[in-house]
Structure formats: C-alpha cells, structure tokens
$ cat model-v1.txt   # compact mmCIF, C-alpha atoms and all ligand atoms
# COMPACT_ATOMS: atom_id res chain seq x y z
CA MET N 1 -15.89 5.77 16.23
CA ARG N 2 -13.00 3.80 17.74
CA ALA N 3 -11.25 5.24 20.73
CA ALA N 4 -7.75 3.97 19.93
CA PRO N 5 -5.82 4.66 16.74
CA LEU N 6 -5.83 1.87 14.14
CA ILE N 7 -2.62 -0.16 14.33
CA LEU N 8 -0.85 -0.31 10.98
CA GLY N 9 1.90 -2.53 9.63
CA VAL N 10 3.52 -1.20 6.45
CA LEU N 11 5.25 -3.45 3.93
CA ALA N 12 7.67 -1.61 1.64
CA SER N 13 10.54 -2.53 -0.65
CA GLY N 14 11.93 0.85 -1.63
CA ARG N 15 12.12 4.57 -0.96
CA GLY N 16 9.01 4.69 1.20
CA SER N 17 7.46 7.97 0.10
CA ASN N 18 3.97 6.54 0.63
CA LEU N 19 5.00 5.44 4.12
CA GLN N 20 6.15 9.02 4.71
CA ALA N 21 2.85 10.41 3.44
CA ILE N 22 1.01 8.14 5.90
CA LEU N 23 3.27 9.23 8.77
CA ASP N 24 2.84 12.90 7.86
CA ALA N 25 -0.95 12.55 7.72
CA ILE N 26 -0.97 10.83 11.13
CA ASP N 27 1.17 13.65 12.57
CA ALA N 28 -1.12 16.25 11.09
CA GLY N 29 -4.15 14.57 12.69
CA ARG N 30 -5.62 13.61 9.32
CA CYS N 31 -5.38 9.85 9.85
CA PRO N 32 -6.42 8.19 13.14
CA ALA N 33 -3.78 5.47 13.01
CA ARG N 34 -0.37 4.48 14.32
CA VAL N 35 2.36 2.71 12.35
CA ALA N 36 3.57 -0.02 14.72
CA VAL N 37 6.01 -1.75 12.38
CA VAL N 38 7.55 -1.39 8.92
CA VAL N 39 8.65 -4.62 7.26
CA SER N 40 10.81 -4.90 4.17
CA ASP N 41 12.17 -7.69 2.01
CA ARG N 42 15.15 -5.43 1.27
CA LYS N 43 17.75 -4.68 3.89
CA ASP N 44 18.70 -1.40 2.21
CA ALA N 45 15.14 -0.09 1.71
CA ALA N 46 14.97 3.63 2.50
CA ALA N 47 11.55 2.90 4.00
CA LEU N 48 13.31 1.08 6.88
CA ASP N 49 15.48 4.14 7.54
CA ARG N 50 12.45 6.40 7.57
CA ALA N 51 10.86 4.11 10.15
CA ARG N 52 13.97 4.00 12.35
CA ARG N 53 14.30 7.79 12.25
CA THR N 54 10.74 8.08 13.58
CA GLY N 55 11.29 5.48 16.29
CA ILE N 56 9.12 2.90 14.56
CA ARG N 57 10.17 -0.72 14.64
CA ALA N 58 11.86 -1.59 11.32
CA VAL N 59 12.15 -5.25 10.38
CA HIS N 60 14.05 -6.77 7.48
CA VAL N 61 12.84 -10.23 6.51
CA ASP N 62 15.37 -11.82 4.19
CA PRO N 63 13.78 -13.86 1.39
CA GLN N 64 17.02 -15.83 0.99
CA ALA N 65 16.77 -17.02 4.57
CA HIS N 66 13.49 -18.85 3.94
CA PRO N 67 12.95 -22.00 1.90
CA ASP N 68 9.86 -20.77 0.05
CA ARG N 69 7.32 -17.97 -0.25
CA VAL N 70 5.01 -19.48 2.36
CA ALA N 71 7.77 -19.60 4.98
CA PHE N 72 8.86 -16.08 4.04
CA ASP N 73 5.30 -14.74 4.29
CA ASP N 74 4.88 -16.54 7.63
CA ALA N 75 7.90 -14.65 8.94
CA ILE N 76 6.38 -11.36 7.78
CA ALA N 77 3.05 -12.24 9.37
CA GLY N 78 4.90 -13.07 12.58
CA ALA N 79 6.37 -9.55 12.68
CA LEU N 80 2.94 -8.02 12.00
CA ASP N 81 1.14 -10.15 14.57
CA GLU N 82 3.79 -9.42 17.19
CA HIS N 83 2.64 -5.81 16.94
CA ALA N 84 -1.07 -6.67 16.84
CA VAL N 85 -1.38 -5.06 13.42
CA GLU N 86 -5.00 -4.45 12.42
CA LEU N 87 -4.45 -3.17 8.87
CA VAL N 88 -1.60 -4.17 6.57
CA CYS N 89 -0.57 -1.42 4.13
CA LEU N 90 1.44 -2.35 1.07
CA ALA N 91 3.43 0.72 0.07
CA GLY N 92 5.75 -0.01 -2.81
CA TYR N 93 6.04 -3.65 -1.75
CA MET N 94 7.40 -5.47 -4.76
CA ARG N 95 6.59 -9.09 -3.92
CA LEU N 96 3.50 -11.15 -4.58
CA LEU N 97 1.74 -12.27 -1.44
CA SER N 98 0.98 -15.95 -0.98
CA PRO N 99 -2.75 -16.85 -0.86
CA GLY N 100 -2.32 -17.98 2.75
CA PHE N 101 -1.03 -14.55 3.75
CA VAL N 102 -3.98 -12.80 2.07
CA ARG N 103 -6.44 -15.17 3.79
CA ARG N 104 -4.83 -14.48 7.14
CA TYR N 105 -5.88 -10.81 6.92
CA PRO N 106 -9.25 -10.92 5.16
CA GLY N 107 -10.31 -7.45 4.03
CA ARG N 108 -7.45 -6.02 6.07
CA ILE N 109 -4.76 -5.42 3.42
CA LEU N 110 -4.58 -2.21 1.36
CA ASN N 111 -2.35 -1.52 -1.63
CA VAL N 112 -1.57 1.59 -3.63
CA HIS N 113 -1.06 1.22 -7.38
CA PRO N 114 0.08 3.91 -9.84
CA ALA N 115 -2.69 3.40 -12.41
CA LEU N 116 -6.43 3.61 -12.77
CA LEU N 117 -7.12 -0.06 -12.15
CA PRO N 118 -8.25 -2.35 -13.67
CA ALA N 119 -6.09 -0.78 -16.40
CA PHE N 120 -2.36 -1.46 -16.20
CA PRO N 121 -1.92 -3.85 -13.29
CA GLY N 122 1.52 -5.22 -12.47
CA LEU N 123 4.92 -3.66 -12.95
CA ARG N 124 5.73 -0.26 -14.47
CA ALA N 125 2.15 0.82 -14.73
CA GLN N 126 3.11 4.38 -15.69
CA ARG N 127 5.13 3.14 -18.65
CA GLN N 128 2.26 0.86 -19.66
CA ALA N 129 -0.03 3.92 -19.65
CA LEU N 130 2.36 5.94 -21.81
CA GLU N 131 2.77 3.07 -24.25
CA ALA N 132 -1.00 2.62 -24.51
CA GLY N 133 -1.38 6.33 -25.34
CA VAL N 134 -4.06 7.02 -22.74
CA ARG N 135 -4.91 10.68 -22.04
CA VAL N 136 -5.76 10.11 -18.41
CA ALA N 137 -3.79 8.12 -15.85
CA GLY N 138 -3.98 8.01 -12.08
CA ALA N 139 -3.67 6.23 -8.78
CA THR N 140 -5.73 3.56 -7.02
CA VAL N 141 -5.94 2.39 -3.43
CA HIS N 142 -7.59 -1.02 -3.23
CA LEU N 143 -8.20 -3.90 -0.88
CA VAL N 144 -5.94 -6.83 -1.66
CA ASP N 145 -7.33 -10.17 -2.78
CA GLU N 146 -5.44 -13.16 -4.11
CA GLY N 147 -4.91 -11.68 -7.60
CA VAL N 148 -2.37 -9.12 -8.77
CA ASP N 149 -3.85 -5.62 -8.29
CA THR N 150 -7.38 -7.02 -8.62
CA GLY N 151 -9.06 -6.34 -5.27
CA PRO N 152 -12.03 -4.03 -4.61
CA ILE N 153 -11.23 -0.37 -5.32
CA VAL N 154 -11.46 2.02 -2.37
CA LEU N 155 -10.31 5.34 -3.87
CA GLN N 156 -9.01 6.57 -7.21
CA ALA N 157 -7.74 9.85 -8.57
CA ALA N 158 -7.05 10.80 -12.17
CA VAL N 159 -4.26 12.93 -13.62
CA PRO N 160 -3.77 14.09 -17.20
CA VAL N 161 -1.12 12.54 -19.42
CA LEU N 162 0.73 15.34 -21.20
CA ALA N 163 2.28 15.09 -24.64
CA SER N 164 5.65 15.94 -23.14
CA ASP N 165 5.45 13.27 -20.41
CA THR N 166 8.22 10.81 -19.71
CA GLU N 167 7.81 7.87 -17.36
CA GLY N 168 9.44 10.09 -14.72
CA THR N 169 7.19 13.12 -15.05
CA LEU N 170 4.03 11.04 -15.23
CA SER N 171 5.12 8.96 -12.22
CA ALA N 172 5.71 12.13 -10.18
CA ARG N 173 2.24 13.49 -11.02
CA ILE N 174 0.63 10.17 -10.08
CA LEU N 175 2.73 9.86 -6.90
CA ALA N 176 1.35 13.13 -5.57
CA GLU N 177 -2.13 11.60 -5.83
CA GLU N 178 -0.97 8.38 -4.17
CA HIS N 179 0.27 10.43 -1.23
CA ARG N 180 -3.11 12.13 -0.92
CA LEU N 181 -5.27 9.02 -1.38
CA TYR N 182 -3.48 6.51 0.81
CA PRO N 183 -3.90 8.28 4.17
CA GLU N 184 -7.48 9.10 3.19
CA ALA N 185 -8.25 5.41 2.52
CA ILE N 186 -6.68 4.43 5.84
CA ARG N 187 -8.80 7.04 7.58
CA LEU N 188 -11.98 5.59 6.01
CA PHE N 189 -10.92 2.12 7.14
CA ALA N 190 -10.14 3.35 10.66
CA GLU N 191 -13.54 4.99 10.84
CA GLY N 192 -15.19 1.71 9.88
CA ARG N 193 -16.66 3.26 6.75
CA ILE N 194 -15.46 0.75 4.16
CA GLU N 195 -18.02 -1.88 3.26
CA VAL N 196 -17.46 -4.42 0.49
CA SER N 197 -20.39 -5.53 -1.60
CA GLY N 198 -19.25 -7.98 -4.28
CA ARG N 199 -16.57 -6.17 -6.27
CA ARG N 200 -17.66 -2.76 -5.05
CA VAL N 201 -16.60 -0.80 -2.04
CA VAL N 202 -19.33 1.29 -0.50
CA VAL N 203 -18.04 4.18 1.61
CA LYS N 204 -20.49 4.75 4.41
CA GLU N 205 -21.39 8.26 5.49
CA ALA N 206 -19.50 9.57 8.52
C1 LIG N 301 4.52 3.79 -5.85
O1 LIG N 301 4.36 4.39 -7.11
C2 LIG N 301 3.53 2.66 -5.67
O2 LIG N 301 2.30 2.93 -6.25
C3 LIG N 301 4.22 1.55 -6.41
O3 LIG N 301 5.58 1.68 -6.07
C4 LIG N 301 5.85 3.04 -5.75
C5 LIG N 301 6.41 3.06 -4.37
O4 LIG N 301 6.89 4.32 -3.99
N1 LIG N 301 3.61 0.30 -6.07
P1 LIG N 301 7.33 4.61 -2.50
O5 LIG N 301 8.29 3.48 -2.08
O6 LIG N 301 6.10 4.64 -1.64
O7 LIG N 301 8.05 5.92 -2.57
$ encode --input "model-v1.txt" --output "structure tokens"
Amino acid sequence: MRAAPLILGVLASGRGSNLQAILDAIDAGRCPARVAVVVSDRKDAAALDRARRTGIRAVHVDPQAHPDRVAFDDAIAGALDEHAVELVCLAGYMRLLSPGFVRRYPGRILNVHPALLPAFPGLRAQRQALEAGVRVAGATVHLVDEGVDTGPIVLQAAVPVLASDTEGTLSARILAEEHRLYPEAIRLFAEGRIEVSGRRVVVKEA
C-alpha cells in the first residue's frame, strides 16, 4: 500500500459532477487520492469553479490559442506534469485526446462513460440507448487507449431503462452510478490493484 495519496489531474469540460463525486469520496476517506489540478478546455466550465472553491488549482487551456491538437494537448500535459500528476481522470471531458497524449500516460488515464461499453460509445450515449430500445443501460469506467471509449474496462454498473424514460431521467439514473463507480475505480488504481491482461482488467485482491 502506498504511503502518500495518489496525485490526480482531472480534465473536465462541463458541470463537473463527477469531479465533485471524486472530491466527496476523498473527503469521506473512501478514495486515497488528492486532486492537484483541474484542467478545462472551457473557460466557463462549472468544474473549474468547483475546483477553485475547494482551493484546487484550476487551469483553462484555450484551444483557440494553440495551432493544433498536438500543441493544445502539450499545454494540457504541461499543466498536469507541473503538478506531478500520477493518474489523469477524464470527467466529462468533451475532446478527443491526441495519440501522443495517450502514449505519454500509458495505463494512467481513466474515463467515465454513460453506457455499458462497448455499446454506445461516443456522444449522447443515453440517447443512443433509448433509440436502440435496450432494457438495461449503465455506466463504465475504463482505461483510455487511442480509440474512442475503447480502452480496457475497469468497472461497470447497470441500471434499468424504464418505459417512461426520457434522455434526462435515464441520464440521471446512470449519473448516480458514475458517481459511485469513479471514486471506486480510482481507489483500486491507488491501491495498485488494477492489472491489464490483453483487453481485460484483472482486479487484484486487497
Ligand atoms: C457524464 O455523464 C460523463 O459520463 C459524460 O459526460 C457527463 C459529465 O458530467 N462523459 P459531469 O461534468 O461530470 O457532471
């Protein structure tokens, strides 16, 4: 078991409820980690405000201020490395990462996705689930590889799809599971219990 908390960098584009769930779990002693920096591509992201309120460094990296995705991702990596981030957590981060960025943090990037991957990758996964008529939906936390929502799956949780569901009600039910799973996956990572074997993640016994 490590002595020091795992140093996290969170990338978020929006409201930051998953960031909040991670912070709450850390406060409650359920997640042996520390969020050192929150980085956003959007100046107005509520996630940045949440970070500032908690005294966490909040960094806006403006995509318009960089000539291309590689330069933009380099700026993000600079902010993460400045804080010696050990695990990068994507939490509602709406941009695709460049392959170079993913290779810079091998096996050290997590993402949360509002679907039972490999079903419904990409945008508006909850709407995709409703349109496909599935009876069960859910949330996934996975390691990030160079594809879109394709990396090895760490944790998943299922929720029912109700006949009365709208995109909003289904999203809320899934979000509650995201908030539960993400801190749990970070805890497993911090405890050194995540082992990747091909496409599969093996969670080692505590
Ligand atoms: C979550 O549903 C996440 O799975 C998806 O975007 C949403 C972000 O929500 N990628 P929040 O910003 O964490 O509140």
$ axis_aligned_box --input "model-v1.txt" --around "range 139-155 of chain N" --padding-each-side "6 Å" --output "lines of an AutoDock Vina configuration file"
center_x = -7.2
center_y = -3.5
center_z = -4.8
size_x = 21.7
size_y = 31.4
size_z = 19.9
$ closest_residue --input "model-v1.txt" --among "N:Val141, N:Glu146, N:Arg15, N:Gly78" --to "Pro183 in chain N" --atoms "all atoms listed in the file"
N:Val141
$ residues_near_ligand --input "model-v1.txt" --ligand "ligand LIG 301 (chain N)" --cutoff "6 Å" --atoms "all atoms listed in the file" --output "PyMOL selection string"
chain N and resi 14-19+91-92+112-114+175
$ residues_around --input "model-v1.txt" --residues "Asp24 in chain N" --least-positions-apart "5" --cutoff "12 Å" --atoms "only C-alpha atoms" --output "number ranges by chain"
N: 17-19, 29-35, 50, 54, 179-180, 182-184
$ residues_around --input "model-v1.txt" --residues "Ala58 in chain N" --least-positions-apart "3" --cutoff "12 Å" --atoms "all atoms listed in the file" --output "number ranges by chain"
N: 9-12, 35-55, 61, 76, 79-80, 83
$ atom_distance --input "model-v1.txt" --atom1 "CA of Ile22 in chain N" --atom2 "CA of Ile186 in chain N"
8.5 Å
$ build_atoms --input "model-v1.txt" --residues "range 53-65 of chain N" --atoms "N, CA, C and O atoms" --output "PDB file, keeping the file's coordinate frame"
ATOM      1  N   ARG N  53      14.160   6.367  11.885  1.00  0.00           N
ATOM      2  CA  ARG N  53      14.300   7.790  12.250  1.00  0.00           C
ATOM      3  C   ARG N  53      13.117   8.272  13.086  1.00  0.00           C
ATOM      4  O   ARG N  53      13.227   9.207  13.867  1.00  0.00           O
ATOM      5  N   THR N  54      11.953   7.642  12.870  1.00  0.00           N
ATOM      6  CA  THR N  54      10.740   8.080  13.580  1.00  0.00           C
ATOM      7  C   THR N  54      10.519   7.240  14.834  1.00  0.00           C
ATOM      8  O   THR N  54       9.502   7.393  15.509  1.00  0.00           O
ATOM      9  N   GLY N  55      11.441   6.321  15.097  1.00  0.00           N
ATOM     10  CA  GLY N  55      11.290   5.480  16.290  1.00  0.00           C
ATOM     11  C   GLY N  55      10.296   4.350  16.103  1.00  0.00           C
ATOM     12  O   GLY N  55       9.763   3.807  17.068  1.00  0.00           O
ATOM     13  N   ILE N  56      10.042   4.007  14.842  1.00  0.00           N
ATOM     14  CA  ILE N  56       9.120   2.900  14.560  1.00  0.00           C
ATOM     15  C   ILE N  56       9.952   1.646  14.328  1.00  0.00           C
ATOM     16  O   ILE N  56      11.021   1.708  13.700  1.00  0.00           O
ATOM     17  N   ARG N  57       9.456   0.539  14.822  1.00  0.00           N
ATOM     18  CA  ARG N  57      10.170  -0.720  14.640  1.00  0.00           C
ATOM     19  C   ARG N  57      10.329  -1.026  13.147  1.00  0.00           C
ATOM     20  O   ARG N  57       9.349  -0.995  12.397  1.00  0.00           O
ATOM     21  N   ALA N  58      11.563  -1.288  12.730  1.00  0.00           N
ATOM     22  CA  ALA N  58      11.860  -1.590  11.320  1.00  0.00           C
ATOM     23  C   ALA N  58      12.416  -2.997  11.241  1.00  0.00           C
ATOM     24  O   ALA N  58      13.391  -3.327  11.901  1.00  0.00           O
ATOM     25  N   VAL N  59      11.769  -3.836  10.435  1.00  0.00           N
ATOM     26  CA  VAL N  59      12.150  -5.250  10.380  1.00  0.00           C
ATOM     27  C   VAL N  59      12.507  -5.637   8.955  1.00  0.00           C
ATOM     28  O   VAL N  59      11.719  -5.415   8.027  1.00  0.00           O
ATOM     29  N   HIS N  60      13.699  -6.203   8.777  1.00  0.00           N
ATOM     30  CA  HIS N  60      14.050  -6.770   7.480  1.00  0.00           C
ATOM     31  C   HIS N  60      13.813  -8.269   7.552  1.00  0.00           C
ATOM     32  O   HIS N  60      14.353  -8.953   8.428  1.00  0.00           O
ATOM     33  N   VAL N  61      13.010  -8.784   6.617  1.00  0.00           N
ATOM     34  CA  VAL N  61      12.840 -10.230   6.510  1.00  0.00           C
ATOM     35  C   VAL N  61      13.509 -10.649   5.213  1.00  0.00           C
ATOM     36  O   VAL N  61      13.124 -10.202   4.125  1.00  0.00           O
ATOM     37  N   ASP N  62      14.535 -11.464   5.339  1.00  0.00           N
ATOM     38  CA  ASP N  62      15.370 -11.820   4.190  1.00  0.00           C
ATOM     39  C   ASP N  62      14.760 -13.000   3.419  1.00  0.00           C
ATOM     40  O   ASP N  62      14.663 -14.106   3.956  1.00  0.00           O
ATOM     41  N   PRO N  63      14.380 -12.766   2.164  1.00  0.00           N
ATOM     42  CA  PRO N  63      13.780 -13.860   1.390  1.00  0.00           C
ATOM     43  C   PRO N  63      14.737 -15.049   1.247  1.00  0.00           C
ATOM     44  O   PRO N  63      14.296 -16.194   1.223  1.00  0.00           O
ATOM     45  N   GLN N  64      16.022 -14.754   1.179  1.00  0.00           N
ATOM     46  CA  GLN N  64      17.020 -15.830   0.990  1.00  0.00           C
ATOM     47  C   GLN N  64      17.088 -16.754   2.209  1.00  0.00           C
ATOM     48  O   GLN N  64      17.561 -17.883   2.111  1.00  0.00           O
ATOM     49  N   ALA N  65      16.649 -16.247   3.336  1.00  0.00           N
ATOM     50  CA  ALA N  65      16.770 -17.020   4.570  1.00  0.00           C
ATOM     51  C   ALA N  65      15.582 -17.968   4.785  1.00  0.00           C
ATOM     52  O   ALA N  65      15.498 -18.633   5.813  1.00  0.00           O
TER      53      ALA N  65
END
